[in-house]
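Engineer: Submitted below is the structure of interest, expressed as structure tokens.
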Amino acid sequence: MNIIVCVKPVPDPEKYHLLKIDTKTKRLIREGIPTILNPCDRTAVEAALQLKETHGGKVVILSMAPLFSQDRIREALAMGADEAYIACDALFAGADTFSTSYTLMKAIEALGVRFDLILTGTESADGATANVPTQLAEWLSYPHATGVSDIEVRDGYATVRKKIEQGRIGYRIKLPVLLSVEKNAYRPRLISAMNVIGAGKKTIGILTAETLGVDECRVGLKGSPTRAGELIQLDLRRAGREISGEPEEIARRIVDIAKKSGVNC
Amino acid sequence: MDFNFTEDQVMLRKAFADFVAQEVAPKAAEWDASDTCPVELFPMMGELGILGVFVPETYGGVGLGHVERLIALEEIARHSAGLAMFVFTHQLGMAALLENGTEDQKKRYLPLLCAGEKISGLATTEPTGGSDLLGANTTAVLEEDHWVLNGRKCFITNSHLADLAMVTAKSGEDEKGRNLLTIYLIEKGTEGFGPGRKEHKMGLRGSVTGELVLNNVRIPKESVIGAVGKGYGIAAKTIGEVGRASMAAICVGILRGCVEESVKFANERIVYGKPIAKLQPIQFHIAENRLDYEAGKLLLYRAAKTKDEGKSAVAEFSMAKHFGTEAASRAAKRTIELMGAYGVIDEYPAGRFLRDALTSISSGGTSEIQRLIIAGDTLKTFA
Ligand SMILES: Cc1cc2nc3c(=O)[nH]c(=O)nc-3n(C[C@H](O)[C@H](O)[C@H](O)COP(=O)(O)OP(=O)(O)OC[C@H]3O[C@@H](n4cnc5c(N)ncnc54)[C@H](O)[C@@H]3O)c2cc1C
């Protein structure tokens with residue numbers, strides 16, 4: 001079984017207090033913040049590796065990312081993936097989910113392999129739109145299910161589960177299929193020292209705009225229809241108000257205030 | 001000249017840190033409080049390549065060096081110096097075997113030790129004083145094809161856990177009447193050999209320290225590590241280059257803990273309506289913690305790289321160990337001061353950092369002994 005997992009290096013969520021937004025371009029300033037492999041995507045890699053352990057085949061990693069984040073991609077190789085590719089070109093910079101999914105689609109096509117399963121994380125820790133998986137599936141005309149766990153493959157079908165408000169729902173979908181994996185669905189394996197060294201010896205394929213033969217109007221900032229609206233700084237201060245008087249009186253006033261603000265009491 | 005870790009080393013550190021975050025950090029305070037040694041983690045540490053990272057692949061290791069071994073120890077000690085103590089003493093036994101054992105001994109034992117299926121240790125210290133390595137009273141007498149050992153070792157890490165102990169004993173005298181030591185490999189369960197009293201330590205809790213008692217222990221002639229009479233040199237080199245290196249790495253781990261915890265606390269603690277990180281005297285504490293950490297790290301990894309290049313680094317490791325234990329002790333005290341009363345409350349790790357740092361001082365040789373080694377080297381090098 002051939003599985004491709006799309007992963008994204010993201011700024012370390014533990015350092016989000018250091019993140020800033022450029023008020024002019026309305027884009028995140030990521031400089032100086034270490035990147036990690038998107039936590040959800042690590043889970044997706046784990047899912048892929050477990051499926052490979054049961055069914056054989058190979059696990060390929062794909063990321064649209066700047067070259068400096070190669071080490072994060074190497075981490076996925078060290079977890080046990082067989083091959084990795086980075087779609088990397090100055091033209092890809094500033095991509096929204098539309099042009100990201102387009103670029104990933106072109107990369108998957110360029111690899112020339114029929115993947116039975118395309119796995120992604122449900123969402124990225126930084127953008128958190130959860131748009132890319134479904135958009136990618138649509139570009140490729142693959143059926144898809146999002147936020148899934150417990151992936152099993154049998155007789156050309158994948159069965160998965162998904163948490164919904166009322167409980168859980170199961171799906172049985174014909175392969176090939178794109179699945180976005182829920183963050184807590186699998187526990188990503190720890191990486192051994194031997195695998196770090198092994199991953200260091202594997203080469204990561206670089207896919208440029210030219211090799212992918214992309215339509216330049218559909219990639220990067222130029223190909224991104226999303227426009228950031230207004231930047232609003234939320235005021236999180238709590239408005240405290242002092243109420244003084246006799247206890248009875250204070251209690252009555254609190255009830256009045258609550259009623260006025262819509263509390264049914 | 002290059003002060004940077006290689007890409008592989010950076011990635012290894014991350015892999016070790018992930019293991020520590022998942023398996024060590026959440027439990028470290030509990031191991032310390034109950035003085036529990038997490039032996040159950042050993043097979044996993046074997047599988048992840050932590051234990052045998054410096055051992056060649058032919059003997060079941062990863063085939064890397066001491067820099068990588070110390071990176072792992074630093075990461076572990078950042079959260080549990082006690083566990084790092086357990087791990088490194090095991091590696092001390094492995095290093096003695098790797099550098100001095102016969103091919104047969106290495107093939108037989110090293111894969112099991114790398115995998116964490118067996119636990120090892122090195123026992124030299126005796127009640128007569130650890131500093132006086134040659135003054136040991138444990139004796140070894142050759143009786144036909146067996147050695148017979150008698151004596152008592154004290155303050156031995158992994159005393160009650162080791163399946164395979166490397167033990168020094170007096171096996172003869174040289175022409176000047178000085179003791180000649182030999183190192184023997186003794187398996188757990190050998191008749192007459194076993195642990196004695198178990199110590200209750202102030203710090204490095206979670207590692208087991210205690211006595212080993214040898215009462216007419218008969219072991220086959222082939223149980224010698226290296227040559228007969230060469231035990232002093234082997235023990236001194238192993239303790240000097242692997243033991244002290246590890247103690248220094250433990251202290252660098254504690255130092256990083258001091259830096260990270262003091263920054264975290266200073267940003268979170270609000271006094272006068274603002275974080276204490278805004279107060280200049282608190283910033284001075286943080287700056288000094290950082291200085292101690294960076295200097296300790298440089299001394300340690302410079303020495304380790306020297307060893308990995310195949311050169312002697314005894315004096316360099318002495319400097320790293322001496323500086324590390326002193327720096328970690330003062331940084332831990334400083335961190336306690338920075339935290340006010342929270343510094344001595346068990347929910348915060350600063351008190352543990354101080355106890356661990358102070359307990360590190362004599363292990364691997366006291367500060368006085370380190371200063372003697374450094375002075376000896378300096379008088380020679382700078383003459
Ligand atoms: C946590 C822990 C774990 C340990 N694990 C092991 C282990 O696994 N294996 C093992 O063999 N040992 C182990 N030890 C023992 C350790 O190696 C000894 O504590 C150390 O060698 C010092 O010996 P001592 O404690 O007997 O002190 P002593 O040798 O009795 O020294 C007492 C004092 O005299 C000073 N002194 C001694 N000689 C000189 C000198 N020539 N010049 C100036 N001052 C001197 C010392 O610096 C010290 O201040 C461990 C110790 C600790 C604390």
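Just so we're on the same page: first chain in the structure tokens is A, next is B, and so on; residues restart at 1 for each chain, and ligands are numbered from 1 in the order they show up.
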List every residue of chain B that has an atom at most 8 Å from any atom of ligand 1, giving for each one its closest atom pair and the distance in Å to one decimal, counting only C-alpha atoms and all ligand atoms, sorted by chain and then by ascending residue number, as a Markdown table.
Structural biologist:
| residue | atom | partner | partner_atom_place_in_ligand_line | distance |
| --- | --- | --- | --- | --- |
| B:Met85 | CA | ligand 1 | 3 (C) | 7.8 |
| B:Thr89 | CA | ligand 1 | 8 (O) | 6.0 |
| B:Gly121 | CA | ligand 1 | 8 (O) | 6.2 |
| B:Leu122 | CA | ligand 1 | 9 (N) | 5.3 |
| B:Ala123 | CA | ligand 1 | 11 (O) | 3.9 |
| B:Thr124 | CA | ligand 1 | 11 (O) | 3.5 |
| B:Thr125 | CA | ligand 1 | 11 (O) | 3.8 |
| B:Glu126 | CA | ligand 1 | 26 (O) | 6.8 |
| B:Pro127 | CA | ligand 1 | 26 (O) | 6.5 |
| B:Thr128 | CA | ligand 1 | 26 (O) | 6.7 |
| B:Gly129 | CA | ligand 1 | 26 (O) | 3.5 |
| B:Gly130 | CA | ligand 1 | 23 (O) | 3.1 |
| B:Ser131 | CA | ligand 1 | 29 (O) | 3.6 |
| B:Asp132 | CA | ligand 1 | 29 (O) | 5.9 |
| B:Leu133 | CA | ligand 1 | 21 (O) | 7.8 |
| B:Lys153 | CA | ligand 1 | 11 (O) | 7.3 |
| B:Cys154 | CA | ligand 1 | 12 (N) | 6.9 |
| B:Phe155 | CA | ligand 1 | 14 (N) | 4.6 |
| B:Ile156 | CA | ligand 1 | 7 (C) | 3.8 |
| B:Thr157 | CA | ligand 1 | 8 (O) | 3.7 |
| B:Asn158 | CA | ligand 1 | 8 (O) | 6.8 |
| B:Ser159 | CA | ligand 1 | 8 (O) | 7.6 |
| B:Lys201 | CA | ligand 1 | 1 (C) | 7.4 |
| B:Gly203 | CA | ligand 1 | 1 (C) | 7.6 |
| B:Leu204 | CA | ligand 1 | 1 (C) | 6.4 |
| B:Ser207 | CA | ligand 1 | 1 (C) | 7.9 |
| B:Thr209 | CA | ligand 1 | 3 (C) | 6.0 |
| B:Thr359 | CA | ligand 1 | 53 (C) | 5.6 |
| B:Ser360 | CA | ligand 1 | 1 (C) | 6.3 |
| B:Ile361 | CA | ligand 1 | 53 (C) | 7.1 |
| B:Ser362 | CA | ligand 1 | 19 (O) | 4.7 |
| B:Ser363 | CA | ligand 1 | 51 (C) | 3.9 |
| B:Gly364 | CA | ligand 1 | 17 (O) | 4.7 |
| B:Gly365 | CA | ligand 1 | 21 (O) | 4.2 |
| B:Thr366 | CA | ligand 1 | 47 (O) | 4.7 |
| B:Ser367 | CA | ligand 1 | 47 (O) | 6.0 |
| B:Glu368 | CA | ligand 1 | 47 (O) | 4.3 |
| B:Ile369 | CA | ligand 1 | 47 (O) | 5.6 |
| B:Leu372 | CA | ligand 1 | 42 (N) | 7.0 |
Engineer: Show me a table, sorted first by chain and then by increasing residue number, of the residues of chain B having an atom at most 12 Å from chain A, each with its shortest atom pair and the distance in Å to one decimal, counting only C-alpha atoms and written as CSV.
Structural biologist:
residue,atom,partner,partner_atom,distance
B:Thr6,CA,A:Gly200,CA,11.0
B:Glu7,CA,A:Asp71,CA,8.0
B:Asp8,CA,A:Gly200,CA,6.7
B:Gln9,CA,A:Val196,CA,9.0
B:Val10,CA,A:Asp71,CA,9.3
B:Met11,CA,A:Val196,CA,6.8
B:Leu12,CA,A:Ala193,CA,6.2
B:Arg13,CA,A:Ala193,CA,9.3
B:Lys14,CA,A:Ile191,CA,9.0
B:Ala15,CA,A:Ile191,CA,5.5
B:Phe16,CA,A:Ile191,CA,8.0
B:Ala17,CA,A:Leu190,CA,9.9
B:Asp18,CA,A:Leu190,CA,6.8
B:Phe19,CA,A:Leu190,CA,6.3
B:Val20,CA,A:Leu190,CA,10.1
B:Ala21,CA,A:Leu190,CA,10.5
B:Gln22,CA,A:Leu190,CA,8.9
B:Glu23,CA,A:Leu190,CA,10.3
B:Met44,CA,A:Ser192,CA,9.7
B:Met45,CA,A:Ser192,CA,8.9
B:Gly46,CA,A:Ser192,CA,9.2
B:Glu47,CA,A:Ser192,CA,7.0
B:Leu48,CA,A:Ser192,CA,4.0
B:Gly49,CA,A:Ala193,CA,5.1
B:Ile50,CA,A:Ala193,CA,6.9
B:Leu51,CA,A:Ala193,CA,10.1
B:Gly52,CA,A:Ala193,CA,9.6
B:Val53,CA,A:Ala193,CA,7.2
B:Phe54,CA,A:Ala193,CA,10.6
B:Val55,CA,A:Met194,CA,11.8
B:Pro56,CA,A:Met194,CA,11.5
B:Glu57,CA,A:Met194,CA,9.6
B:Gly60,CA,A:Met194,CA,10.7
B:Gly61,CA,A:Met194,CA,8.7
B:Val62,CA,A:Met194,CA,5.8
B:Gly63,CA,A:Met194,CA,8.8
B:Leu64,CA,A:Ala193,CA,9.2
B:Gly65,CA,A:Ala193,CA,11.8
B:Glu68,CA,A:Ala193,CA,9.4
B:Arg69,CA,A:Ala193,CA,10.4
B:Ile71,CA,A:Ala193,CA,11.6
B:Ala72,CA,A:Ala193,CA,10.0
B:Asn267,CA,A:His17,CA,11.7
Engineer: Could you pull the residues within 9 Å of range 324-333 of chain B, counting only C-alpha atoms, minus those fewer than 3 positions along the same chain, as number ranges by chain?
Structural biologist: B: 247-255, 257-259, 285, 288-290, 292-293, 295-297, 299-300, 319-321, 336-338, 343, 350-361, 367
Engineer: For Leu92 in chain B, work out the shell of residues within 8 Å, counting only C-alpha atoms and skipping chain neighbours fewer than 3 positions away, then give it as a list of chain:residue names.
Structural biologist: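 Counting only C-alpha atoms, the residues come to B:Phe88, B:Thr89, B:Ala95, B:Ala96, B:Ser120, B:Gly121, B:Leu122, B:Thr238, B:Ile239, B:Val242, B:Gly243.
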Engineer: What does the distance from CA of Lys118 in chain B to CA of Asn150 in chain B come to in Å, to one decimal?
Structural biologist: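 Distance between the two atoms: 24.2 Å.
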Engineer: Hey, what's within 6 Å of His79 in chain B if we count only C-alpha atoms and toss same-chain stuff fewer than 2 positions away? As an MDAnalysis selection string, please?
Structural biologist: chainID B and resid 25 76:77
Engineer: Name all residues at most 8 Å from Pro220 in chain B (count only C-alpha atoms; drop same-chain ones fewer than 5 positions away) and give them as a ChimeraX atom specification.
Structural biologist: /B:145-147
Engineer: Could you dump the residues just selected with N, CA, C and O atoms as a PDB file, in the first residue's frame?
Structural biologist:
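Output saved as selection16.pdb:
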ATOM      1  N   ASP B 145      42.537 -22.138  38.701  1.00  0.00           N
ATOM      2  CA  ASP B 145      41.901 -21.419  37.591  1.00  0.00           C
ATOM      3  C   ASP B 145      40.796 -20.473  38.057  1.00  0.00           C
ATOM      4  O   ASP B 145      39.937 -20.082  37.282  1.00  0.00           O
ATOM      5  N   HIS B 146      40.791 -20.121  39.329  1.00  0.00           N
ATOM      6  CA  HIS B 146      39.781 -19.196  39.852  1.00  0.00           C
ATOM      7  C   HIS B 146      40.426 -18.077  40.656  1.00  0.00           C
ATOM      8  O   HIS B 146      41.456 -18.287  41.299  1.00  0.00           O
ATOM      9  N   TRP B 147      39.781 -16.903  40.592  1.00  0.00           N
ATOM     10  CA  TRP B 147      40.157 -15.823  41.492  1.00  0.00           C
ATOM     11  C   TRP B 147      39.209 -15.872  42.692  1.00  0.00           C
ATOM     12  O   TRP B 147      38.015 -16.146  42.531  1.00  0.00           O
TER      13      TRP B 147
END
Engineer: What gap, in Å, lies between CA of Gly82 in chain B and CA of Pro195 in chain B?
Structural biologist: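 Straight-line distance from CA of Gly82 in chain B to CA of Pro195 in chain B works out to 19.5 Å.
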Engineer: Find the residues around range 270-276 of chain B up to 12 Å (only C-alpha atoms counted), leave out those fewer than 5 positions away in its own chain, and share them as a list in words.
Structural biologist: Ser262, Val263, Lys264, Phe265, Pro281, Ile282, Gln283, Phe284, His285, Ile286, Leu338, Met339 and Gly340 of chain B
Engineer: Please measure the separation of CA of Lys176 in chain B and CA of Gly226 in chain B, giving the value in Å to one decimal.
Structural biologist: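 About the pair CA of Lys176 in chain B and CA of Gly226 in chain B: they are 22.2 Å apart.
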Engineer: From range 115-359 of chain B, collect each residue whose DSSP state is strand (DSSP E) and return the set as a VMD selection string.
Structural biologist: chain B and resid 120 to 123 139 to 143 146 to 157 164 to 173 179 to 187 193 to 198 209 to 220 224 to 225 270 to 271 274 to 275
